[in-house]
Structure formats: C-alpha cells, structure tokens
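Asks: Below is the file query-v5.txt, which contains compact mmCIF, C-alpha atoms.
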# COMPACT_ATOMS: atom_id res chain seq x y z
CA MET A 65 86.79 88.71 71.61
CA GLU A 66 88.07 90.96 68.89
CA LYS A 67 84.95 93.00 68.33
CA GLU A 68 86.58 96.38 67.94
CA LYS A 69 85.25 96.81 64.42
CA ASN A 70 81.64 96.89 65.64
CA MET A 71 82.17 98.72 68.88
CA THR A 72 80.38 102.02 69.16
CA ALA A 73 81.47 104.86 71.42
CA GLU A 74 78.46 104.21 73.65
CA HIS A 75 79.38 100.56 73.97
CA SER A 76 82.97 101.45 74.83
CA LEU A 77 81.81 103.76 77.60
CA GLU A 78 79.47 101.06 78.84
CA ILE A 79 82.35 98.57 79.06
CA ILE A 80 84.48 101.07 80.94
CA ARG A 81 81.68 101.94 83.36
CA ASP A 82 80.68 98.32 83.98
CA SER A 83 84.26 97.14 84.47
CA ILE A 84 85.10 99.89 86.93
CA GLU A 85 81.84 99.52 88.86
CA GLN A 86 82.11 95.75 89.05
CA SER A 87 85.70 95.78 90.24
CA GLN A 88 84.94 98.49 92.82
CA ARG A 89 82.06 96.40 94.10
CA THR A 90 84.21 93.28 94.39
CA ILE A 91 87.07 95.11 96.09
CA THR A 92 84.78 96.89 98.55
CA LYS A 93 82.78 93.73 99.29
CA ASN A 94 85.99 92.02 100.33
CA ILE A 95 86.67 94.74 102.90
CA GLY A 96 83.62 93.52 104.81
CA ILE A 97 84.77 89.95 105.39
CA PRO A 98 87.81 90.74 107.61
CA LEU A 99 85.67 93.17 109.61
CA ILE A 100 83.12 90.44 110.33
CA TRP A 101 85.91 87.99 111.19
CA TRP A 102 87.73 90.35 113.57
CA GLY A 103 84.45 91.47 115.14
CA ALA A 104 83.48 87.85 115.78
CA CYS A 105 86.91 87.18 117.31
CA VAL A 106 86.60 90.15 119.66
CA VAL A 107 83.10 89.06 120.72
CA VAL A 108 84.18 85.47 121.38
CA PHE A 109 87.32 86.50 123.27
CA SER A 110 85.45 89.14 125.29
CA LEU A 111 82.80 86.68 126.40
CA LEU A 112 85.32 83.91 127.03
CA ILE A 113 87.63 86.12 129.08
CA ALA A 114 84.65 87.57 131.00
CA TYR A 115 83.48 84.06 131.85
CA LEU A 116 86.92 82.85 132.91
CA TRP A 117 87.60 86.04 134.86
CA LYS A 118 84.37 85.73 136.82
CA ASN A 119 84.39 81.99 137.38
CA HIS A 120 87.93 80.69 137.18
CA GLY A 121 90.37 83.13 138.61
CA GLY A 122 90.81 86.81 138.02
CA PRO A 123 92.06 89.41 135.57
CA ALA A 124 95.01 87.18 134.69
CA TRP A 125 92.80 85.79 131.92
CA ASN A 126 93.27 89.11 130.13
CA LEU A 127 96.52 87.62 128.86
CA LEU A 128 94.28 85.72 126.44
CA TRP A 129 93.96 88.97 124.45
CA PHE A 130 97.36 88.18 123.00
CA ALA A 131 95.86 85.00 121.57
CA LEU A 132 93.22 87.14 119.85
CA TRP A 133 95.89 88.66 117.61
CA VAL A 134 97.27 85.26 116.72
CA VAL A 135 93.85 83.72 116.03
CA GLY A 136 92.68 86.86 114.21
CA CYS A 137 95.70 87.10 111.94
CA LEU A 138 95.74 83.36 111.15
CA GLY A 139 92.02 83.36 110.42
CA GLU A 140 92.29 86.42 108.18
CA LYS A 141 95.16 84.82 106.27
CA PHE A 142 93.09 81.65 105.84
CA LEU A 143 90.08 83.64 104.60
CA ARG A 144 92.22 85.58 102.13
CA ASN A 145 93.76 82.39 100.78
CA LYS A 146 90.29 80.99 100.14
CA GLN A 147 89.16 84.01 98.11
CA THR A 148 90.15 85.00 94.61
CA PRO A 149 92.95 87.52 95.11
CA VAL A 150 91.44 90.98 95.07
CA PRO A 151 93.53 94.04 94.24
CA SER A 152 93.70 97.05 96.46
CA ASN A 153 92.45 100.49 95.52
CA PHE A 154 92.23 103.82 97.28
CA VAL A 155 89.19 102.85 99.34
CA GLY A 156 90.61 99.47 100.34
CA ARG A 157 93.96 100.99 101.25
CA THR A 158 92.34 103.75 103.32
CA VAL A 159 90.13 101.32 105.24
CA SER A 160 93.12 99.06 105.82
CA HIS A 161 95.16 102.02 107.11
CA ILE A 162 92.32 103.05 109.45
CA TRP A 163 92.14 99.62 111.08
CA GLY A 164 95.90 99.20 110.97
CA THR A 165 96.25 102.40 112.99
CA PHE A 166 93.56 101.16 115.35
CA GLY A 167 95.44 97.87 115.72
CA ILE A 168 98.74 99.58 116.53
CA PHE A 169 97.31 101.91 119.18
CA CYS A 170 94.79 99.57 120.78
CA GLY A 171 97.07 96.56 120.46
CA PHE A 172 99.84 98.37 122.30
CA ILE A 173 97.65 99.91 125.00
CA GLY A 174 95.56 96.76 125.36
CA GLY A 175 98.73 94.67 125.50
CA ILE A 176 100.15 96.75 128.35
CA PHE A 177 96.93 96.46 130.32
CA GLY A 178 96.74 92.77 129.49
CA LEU A 179 100.18 92.30 131.04
CA ILE A 180 99.01 94.26 134.08
CA GLY A 181 95.92 92.05 134.35
CA GLY A 182 98.16 89.00 134.13
CA GLY A 183 100.35 90.33 136.91
CA LEU A 184 103.41 90.59 134.67
CA ILE A 185 103.68 94.39 134.99
CA PRO A 186 102.95 96.16 138.29
CA LEU A 187 99.83 98.26 138.06
CA GLU A 188 101.42 101.18 139.86
CA LEU A 189 103.89 101.50 137.02
CA VAL A 190 101.13 102.73 134.72
CA THR A 191 98.24 104.24 136.61
CA PRO A 192 96.32 104.14 139.91
CA GLN A 193 94.07 101.08 140.00
CA VAL A 194 90.81 102.97 140.27
CA TYR A 195 91.05 104.22 136.68
CA VAL A 196 92.61 101.25 134.96
CA PHE A 197 89.76 99.14 133.72
CA GLY A 198 87.43 102.04 133.19
CA ILE A 199 89.90 103.84 130.98
CA ILE A 200 91.12 100.99 128.83
CA THR A 201 87.71 99.76 127.64
CA SER A 202 86.47 103.31 127.14
CA ILE A 203 89.52 104.21 125.07
CA ILE A 204 89.31 101.07 122.97
CA SER A 205 85.58 101.65 122.43
CA LEU A 206 86.29 105.20 121.35
CA CYS A 207 88.96 104.01 118.92
CA PHE A 208 86.59 101.35 117.54
CA GLY A 209 83.93 104.00 117.05
CA MET A 210 86.27 106.48 115.38
CA GLY A 211 87.62 103.79 113.07
CA ALA A 212 84.12 102.72 112.04
CA THR A 213 82.91 106.31 111.64
CA ILE A 214 85.84 107.32 109.42
CA MET A 215 85.26 104.16 107.39
CA GLY A 216 81.61 105.22 107.03
CA PHE A 217 82.74 108.58 105.65
CA VAL A 218 85.19 106.94 103.24
CA LEU A 219 82.51 104.55 101.97
CA ARG A 220 79.83 107.25 102.15
CA ASN A 221 77.57 104.97 104.13
CA ILE A 222 75.27 106.47 106.74
CA ILE A 223 74.57 103.16 108.52
CA ILE A 224 78.29 102.59 109.09
CA LYS A 225 78.73 106.16 110.30
CA ALA A 226 75.84 105.68 112.75
CA CYS A 227 77.27 102.34 113.94
CA GLY A 228 80.62 103.99 114.55
CA ILE A 229 79.13 106.83 116.54
CA ILE A 230 76.98 104.48 118.63
CA ALA A 231 79.91 102.11 119.23
CA GLY A 232 82.34 104.88 120.11
CA ILE A 233 80.27 107.19 122.25
CA GLY A 234 77.98 104.51 123.64
CA GLY A 235 80.88 102.21 124.43
CA PHE A 236 82.91 105.00 126.01
CA PHE A 237 80.23 105.92 128.53
CA CYS A 238 78.94 102.38 129.11
CA ALA A 239 82.44 101.20 129.95
CA LEU A 240 82.70 103.87 132.65
CA HIS A 241 79.68 102.36 134.40
CA PHE A 242 81.16 98.91 134.81
CA LEU A 243 84.21 97.59 136.54
CA GLY A 244 86.14 94.40 135.99
CA ALA A 245 84.80 91.51 133.95
CA GLU A 246 81.50 93.22 133.15
CA GLN A 247 83.35 95.66 130.93
CA LEU A 248 84.03 92.86 128.53
CA PHE A 249 80.33 92.65 127.76
CA VAL A 250 80.53 96.30 126.70
CA MET A 251 83.54 95.39 124.55
CA ALA A 252 81.55 92.58 122.91
CA ALA A 253 78.66 94.95 122.18
CA VAL A 254 81.06 97.54 120.76
CA ALA A 255 82.62 94.90 118.49
CA VAL A 256 79.19 93.90 117.22
CA THR A 257 78.19 97.51 116.53
CA GLY A 258 81.55 98.81 115.31
CA LEU A 259 82.82 95.84 113.30
CA ILE A 260 80.31 93.08 112.64
CA VAL A 261 77.34 95.22 111.61
CA PRO A 262 79.45 97.49 109.31
CA GLY A 263 81.11 94.37 107.87
CA ILE A 264 77.74 92.81 107.07
CA VAL A 265 76.44 96.10 105.65
CA ILE A 266 79.47 96.38 103.35
CA TYR A 267 79.29 92.76 102.28
CA LEU A 268 75.58 92.86 101.47
CA GLN A 269 75.64 96.27 99.83
CA TYR A 270 78.43 95.46 97.43
CA LYS A 271 77.52 91.83 96.83
CA LYS A 272 76.71 91.19 93.17
CA MET B 214 86.59 116.48 63.42
CA PHE B 215 86.69 113.19 65.30
CA THR B 216 89.81 112.14 67.17
CA PRO B 217 90.90 108.66 66.06
CA LEU B 218 90.39 105.95 68.63
CA ASP B 219 93.44 104.01 69.80
CA PRO B 220 92.98 100.62 68.08
CA LEU B 221 94.74 98.88 70.95
CA LEU B 222 92.16 100.07 73.42
CA HIS B 223 89.20 99.83 71.07
CA SER B 224 88.61 96.17 71.83
CA GLU B 225 86.15 94.84 74.40
CA LEU B 226 88.53 92.72 76.40
CA ARG B 227 91.54 95.03 76.31
CA LEU B 228 89.34 97.96 77.25
CA ALA B 229 87.84 95.99 80.13
CA VAL B 230 91.32 95.04 81.35
CA MET B 231 92.50 98.65 81.20
CA SER B 232 89.34 99.84 82.99
CA LEU B 233 89.95 97.34 85.79
CA LEU B 234 93.57 98.35 86.15
CA ILE B 235 92.89 102.08 86.05
CA SER B 236 90.88 101.83 89.28
CA ALA B 237 93.19 99.47 91.18
CA ASP B 238 96.80 99.60 92.31
CA ASP B 239 97.44 96.30 90.57
CA ALA B 240 95.54 93.11 89.90
CA GLU B 241 96.34 89.43 89.76
CA PHE B 242 95.52 87.41 86.68
CA PRO B 243 92.69 85.35 88.32
CA PHE B 244 90.93 88.55 89.40
CA ILE B 245 91.05 90.01 85.90
CA LYS B 246 89.88 86.71 84.47
CA GLU B 247 86.97 86.53 86.90
CA GLN B 248 85.92 90.13 86.34
CA THR B 249 86.12 90.02 82.56
CA GLY B 250 84.76 86.50 82.15
CA ALA B 251 87.42 85.84 79.51
CA THR B 252 89.22 82.57 78.96
CA ALA B 253 92.76 82.32 80.30
CA GLY B 254 94.21 81.92 76.80
CA ASN B 255 92.44 84.90 75.29
CA LEU B 256 93.21 87.06 78.30
CA SER B 257 96.90 86.14 78.16
CA VAL B 258 97.06 87.18 74.51
CA GLN B 259 95.39 90.52 75.15
CA ILE B 260 97.55 91.20 78.20
CA ASP B 261 100.65 90.49 76.13
CA LYS B 262 99.46 92.99 73.51
CA LEU B 263 98.91 95.70 76.13
CA SER B 264 102.22 94.90 77.74
CA ALA B 265 104.07 94.99 74.40
CA VAL B 266 103.07 98.63 73.81
CA GLY B 267 103.89 99.56 77.40
CA TYR B 268 100.33 100.24 78.54
CA ILE B 269 100.61 97.76 81.38
CA GLU B 270 103.47 96.02 83.10
CA VAL B 271 103.31 92.36 83.94
CA GLU B 272 105.15 90.94 86.90
CA LYS B 273 105.55 87.20 87.12
CA THR B 274 106.20 86.08 90.65
CA PHE B 275 105.33 83.31 93.10
CA LYS B 276 102.80 83.11 95.89
CA GLY B 277 104.18 80.33 98.00
CA LYS B 278 104.86 77.67 95.41
CA ARG B 279 102.22 78.84 92.96
CA PRO B 280 103.07 81.14 90.06
CA CYS B 281 101.36 84.50 90.24
CA THR B 282 100.96 87.07 87.47
CA ILE B 283 100.39 90.64 88.57
CA CYS B 284 99.38 93.37 86.12
CA ARG B 285 99.49 97.09 86.71
CA ILE B 286 98.86 100.07 84.50
CA THR B 287 101.83 102.25 83.52
CA PRO B 288 101.87 106.05 83.21
CA VAL B 289 101.89 105.54 79.41
CA GLY B 290 98.81 103.34 79.69
CA ARG B 291 97.06 105.83 81.95
CA GLN B 292 97.75 108.60 79.45
CA ALA B 293 96.52 106.43 76.56
CA PHE B 294 93.36 105.60 78.48
CA GLU B 295 92.67 109.28 79.18
CA THR B 296 93.24 110.12 75.52
CA TYR B 297 90.86 107.32 74.54
CA ILE B 298 88.18 108.68 76.88
CA ASP B 299 88.63 112.16 75.41
CA ALA B 300 88.27 110.71 71.93
CA LEU B 301 85.09 108.90 72.95
CA LYS B 302 83.72 112.16 74.32
CA SER B 303 84.30 113.82 70.95
CA TYR B 304 82.27 111.06 69.27
CA LEU B 305 79.47 111.40 71.77
CA GLN B 306 79.77 115.18 71.84
CA ILE B 307 79.86 115.20 75.64
What is this file in structure tokens?

Replies:
Amino acid sequence: MEKEKNMTAEHSLEIIRDSIEQSQRTITKNIGIPLIWWGACVVVFSLLIAYLWKNHGGPAWNLLWFALWVVGCLGEKFLRNKQTPVPSNFVGRTVSHIWGTFGIFCGFIGGIFGLIGGGLIPLELVTPQVYVFGIITSIISLCFGMGATIMGFVLRNIIIKACGIIAGIGGFFCALHFLGAEQLFVMAAVAVTGLIVPGIVIYLQYKK
Amino acid sequence: MFTPLDPLLHSELRLAVMSLLISADDAEFPFIKEQTGATAGNLSVQIDKLSAVGYIEVEKTFKGKRPCTICRITPVGRQAFETYIDALKSYLQI
C-alpha cells in the first residue's frame, strides 16, 4: 500500500476525513449496545420484581435489584468480549462517565432502599414510610432522564434529548402517582424511554 | 512556496492509521486492521515505521491469555500530523 508517490493533497484529505469519520461512527455505534443491554435488564428486573412482589410475597423481592448489577455487568463484559475491541474517545468517555455517575448515585440509593424493602435495614432509619417508594422511583427516573438528556447534548441528537426529558420528567411525576409494586412498571417504561430507545437510535444512526 | 509533505505520513495506510489514532485515546491492532482494511503483515510494517520515528507508541500486553497490541499517538506524532495538515492546506490553498 505504498502509494505515496501518486497521492494528491485532495486524496490525502479524503483519507484523513474518511478514517476519522469511520472510526467515530464505529466508536459511537458501540456506545449504543450497552445502553440497550442495561435498559433490557432494567425492564426485565422491574417486571419480574413487580410480579413477585404482587403475587409471591412483598417488597423483600427488591433485593433482586442487587442481582441486576451482577447480571448487567457480566452481560456487558460478555458483549464486549464478542466485539472487536473499540477504542475510547472523548464522546465515548463522556457518555461512560455520565452513566458511571448515574450508576454510583442510583446504585447506592437504590441499594439502600432495596435493603429496606428486604427488611435488612429498618425503614425508620432512613425516612418515614409514606415517602419511601414514591421518592426512590422518582429520583431514579429523574437521574435516568438527566443522564439520557446530557448524552443527547453530547451526541447532538434531538431524539435522545427528547427521550431523556420524557423519561426524566414523565417518570418523576408518574412515579408519584403509584405506590408499591406498580412503580416498577413506571421504572420499566423509563428504562425503555431513557436507555433502550436512545441505544437503538445511536446504534442505527452510526451503523455503517 | 509549498511546504514539503512529511514522507512518513504521505502514504495511504500510515496516514489512515494516524488519522484513526488522532481521534481516539488509543486503539488495539484488530480495530486499526478492521478500520483500514489492511492485511496484518502490511499494517505491522507500517506501524513499526511510525513507531520508529516516535509518531506512535506501541504497547504489547496481554488480554487474558491473548497477546494484545495497543497503539497510541505521541505528542511528536500529533505535532507531525498537524504540520502535515498545514502543508496540505498550502497545496490546496485553503
């Protein structure tokens, strides 16, 4: 591939442009896959926990949220191993930091409330019961929405921004209208709007 | 007066490799191979040339039990790439 002798300036610029564009597309496309995976996990766990909560016991099934992290992380590792290794760039790093921050905050808060639901921490230690389930799903929905909206700004994608706003604000207020297991349906809807749809949009938009 | 083009960068494959690396933190060999469509042998040779002049650094490591080659652009390489772009602009009178 030693064609330097015949390479014009225009051709050089074309190579540079094509290489950068193609790699950006590949890197960005690969951001979408973990979003779809994590969104699907949240939906499945939300519906599963809601079902078990309503039909086979009580809020103790919220302890299953801890399994979400295990399943999610293992699945993401498996998906990454199957793909050609993709480098990180500014956009990829920023999106990863956004969802990493989301994971830290919501994982911690969700974990505490999961332990309360499972009866391992007394409810009174944290907050009066009347607010507990309303607050946690609203807060997580808001965080989902903010994460997705910021990602929409980073990727300059209006659909993702809209999904984030709908997931965050819609989820926040919807969650206030439901108590107990029904909130998990709101969580599932928020995951679809805030993670799965943006993930699919990214994947399709940047697919070759 | 035209600025001379860096002969090390004025090659399709080496230029493509540098363009990939300029926009990423680092990149593994299979990614560069897939993006450039080059053969492993040819790519290795060109990467060695870029590494020899200090435009990129090559880290040979392991991912589990599999060998893994990671390339990243150096400040010298970044500077050379910018100079090359400026030279191209002078040819195109941009």

Asks: Find the residues of chain A in contact range of chain B, meaning any atom within 12 Å when counting only C-alpha atoms, and list them as number ranges by chain.

Replies: A: 65-92, 145, 147-157, 272

Asks: Please save C-alpha atoms of the selected residues as a compact mmCIF listing (two decimals), in the frame of the given file.

Replies:
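Written out: result-v7.txt:
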# COMPACT_ATOMS: atom_id res chain seq x y z
CA MET A 65 86.79 88.71 71.61
CA GLU A 66 88.07 90.96 68.89
CA LYS A 67 84.95 93.00 68.33
CA GLU A 68 86.58 96.38 67.94
CA LYS A 69 85.25 96.81 64.42
CA ASN A 70 81.64 96.89 65.64
CA MET A 71 82.17 98.72 68.88
CA THR A 72 80.38 102.02 69.16
CA ALA A 73 81.47 104.86 71.42
CA GLU A 74 78.46 104.21 73.65
CA HIS A 75 79.38 100.56 73.97
CA SER A 76 82.97 101.45 74.83
CA LEU A 77 81.81 103.76 77.60
CA GLU A 78 79.47 101.06 78.84
CA ILE A 79 82.35 98.57 79.06
CA ILE A 80 84.48 101.07 80.94
CA ARG A 81 81.68 101.94 83.36
CA ASP A 82 80.68 98.32 83.98
CA SER A 83 84.26 97.14 84.47
CA ILE A 84 85.10 99.89 86.93
CA GLU A 85 81.84 99.52 88.86
CA GLN A 86 82.11 95.75 89.05
CA SER A 87 85.70 95.78 90.24
CA GLN A 88 84.94 98.49 92.82
CA ARG A 89 82.06 96.40 94.10
CA THR A 90 84.21 93.28 94.39
CA ILE A 91 87.07 95.11 96.09
CA THR A 92 84.78 96.89 98.55
CA ASN A 145 93.76 82.39 100.78
CA GLN A 147 89.16 84.01 98.11
CA THR A 148 90.15 85.00 94.61
CA PRO A 149 92.95 87.52 95.11
CA VAL A 150 91.44 90.98 95.07
CA PRO A 151 93.53 94.04 94.24
CA SER A 152 93.70 97.05 96.46
CA ASN A 153 92.45 100.49 95.52
CA PHE A 154 92.23 103.82 97.28
CA VAL A 155 89.19 102.85 99.34
CA GLY A 156 90.61 99.47 100.34
CA ARG A 157 93.96 100.99 101.25
CA LYS A 272 76.71 91.19 93.17

Asks: Using all atoms listed in the file, which protein or nucleic acid residues come within 8 Å of segment 179-184 of chain A? Drop anything in the same chain fewer than 5 positions from it, and give the result as a PyMOL selection string.

Replies: chain A and resi 123-127

Asks: Using atom CA of Ile168 of chain A and atom CA of Cys207 of chain A as the two end points, give the distance in Å to one decimal.

Replies: 11.0 Å

Asks: In Å, how far is it from atom CA of Ile233 of chain A to atom CA of Ser205 of chain A?

Replies: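 Between these atoms lies a distance of 7.7 Å.
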
Asks: Mind giving me the straight-line distance from atom CA of Arg291 of chain B to atom CA of Tyr268 of chain B in Å, one decimal?

Replies: 7.3 Å

Asks: Need to verify the contact set: Met215 of chain A, 12 Å, all atoms listed in the file, exclusion of same-chain residues closer than 5 positions in sequence. Can you return it as number ranges by chain?

Replies: A: 92, 95-96, 99, 155-163, 166, 208-210, 220-229, 258-259, 262-263, 266

Asks: Got time to write the residues from that selection, C-alpha atoms, as a compact mmCIF listing (two decimals), in the coordinates of the input?

Replies:
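Here's the written file selection33.txt:
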# COMPACT_ATOMS: atom_id res chain seq x y z
CA THR A 92 84.78 96.89 98.55
CA ILE A 95 86.67 94.74 102.90
CA GLY A 96 83.62 93.52 104.81
CA LEU A 99 85.67 93.17 109.61
CA VAL A 155 89.19 102.85 99.34
CA GLY A 156 90.61 99.47 100.34
CA ARG A 157 93.96 100.99 101.25
CA THR A 158 92.34 103.75 103.32
CA VAL A 159 90.13 101.32 105.24
CA SER A 160 93.12 99.06 105.82
CA HIS A 161 95.16 102.02 107.11
CA ILE A 162 92.32 103.05 109.45
CA TRP A 163 92.14 99.62 111.08
CA PHE A 166 93.56 101.16 115.35
CA PHE A 208 86.59 101.35 117.54
CA GLY A 209 83.93 104.00 117.05
CA MET A 210 86.27 106.48 115.38
CA ARG A 220 79.83 107.25 102.15
CA ASN A 221 77.57 104.97 104.13
CA ILE A 222 75.27 106.47 106.74
CA ILE A 223 74.57 103.16 108.52
CA ILE A 224 78.29 102.59 109.09
CA LYS A 225 78.73 106.16 110.30
CA ALA A 226 75.84 105.68 112.75
CA CYS A 227 77.27 102.34 113.94
CA GLY A 228 80.62 103.99 114.55
CA ILE A 229 79.13 106.83 116.54
CA GLY A 258 81.55 98.81 115.31
CA LEU A 259 82.82 95.84 113.30
CA PRO A 262 79.45 97.49 109.31
CA GLY A 263 81.11 94.37 107.87
CA ILE A 266 79.47 96.38 103.35

Asks: As a list in words, please: the residues near Ile100 of chain A (cut-off 12 Å, all atoms listed in the file, same-chain neighbours under 4 positions excluded).

Replies: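 Once the nearby chain positions are removed, what remains is Lys93, Asn94, Ile95, Gly96, Ala104, Cys105, Val106, Val107, Gly136, Gly139, Glu140, Leu143, Ala255, Val256, Thr257, Gly258, Leu259, Ile260, Val261, Pro262, Gly263, Ile264, Val265, Ile266, Tyr267 and Leu268 of chain A.
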
Asks: Please, could you write that set of residues out with C-alpha atoms as a compact mmCIF listing (two decimals), in the frame of the given file?

Replies:
# COMPACT_ATOMS: atom_id res chain seq x y z
CA LYS A 93 82.78 93.73 99.29
CA ASN A 94 85.99 92.02 100.33
CA ILE A 95 86.67 94.74 102.90
CA GLY A 96 83.62 93.52 104.81
CA ALA A 104 83.48 87.85 115.78
CA CYS A 105 86.91 87.18 117.31
CA VAL A 106 86.60 90.15 119.66
CA VAL A 107 83.10 89.06 120.72
CA GLY A 136 92.68 86.86 114.21
CA GLY A 139 92.02 83.36 110.42
CA GLU A 140 92.29 86.42 108.18
CA LEU A 143 90.08 83.64 104.60
CA ALA A 255 82.62 94.90 118.49
CA VAL A 256 79.19 93.90 117.22
CA THR A 257 78.19 97.51 116.53
CA GLY A 258 81.55 98.81 115.31
CA LEU A 259 82.82 95.84 113.30
CA ILE A 260 80.31 93.08 112.64
CA VAL A 261 77.34 95.22 111.61
CA PRO A 262 79.45 97.49 109.31
CA GLY A 263 81.11 94.37 107.87
CA ILE A 264 77.74 92.81 107.07
CA VAL A 265 76.44 96.10 105.65
CA ILE A 266 79.47 96.38 103.35
CA TYR A 267 79.29 92.76 102.28
CA LEU A 268 75.58 92.86 101.47

Asks: Take every atom of segment 255-263 of chain B listed in the file, fit an axis-aligned box around them, add 6 Å per side, and give the centre and edge lengths in Å to one decimal as AutoDock Vina command-line options.

Replies:
--center_x 96.5 --center_y 90.3 --center_z 75.9 --size_x 20.2 --size_y 22.8 --size_z 16.8
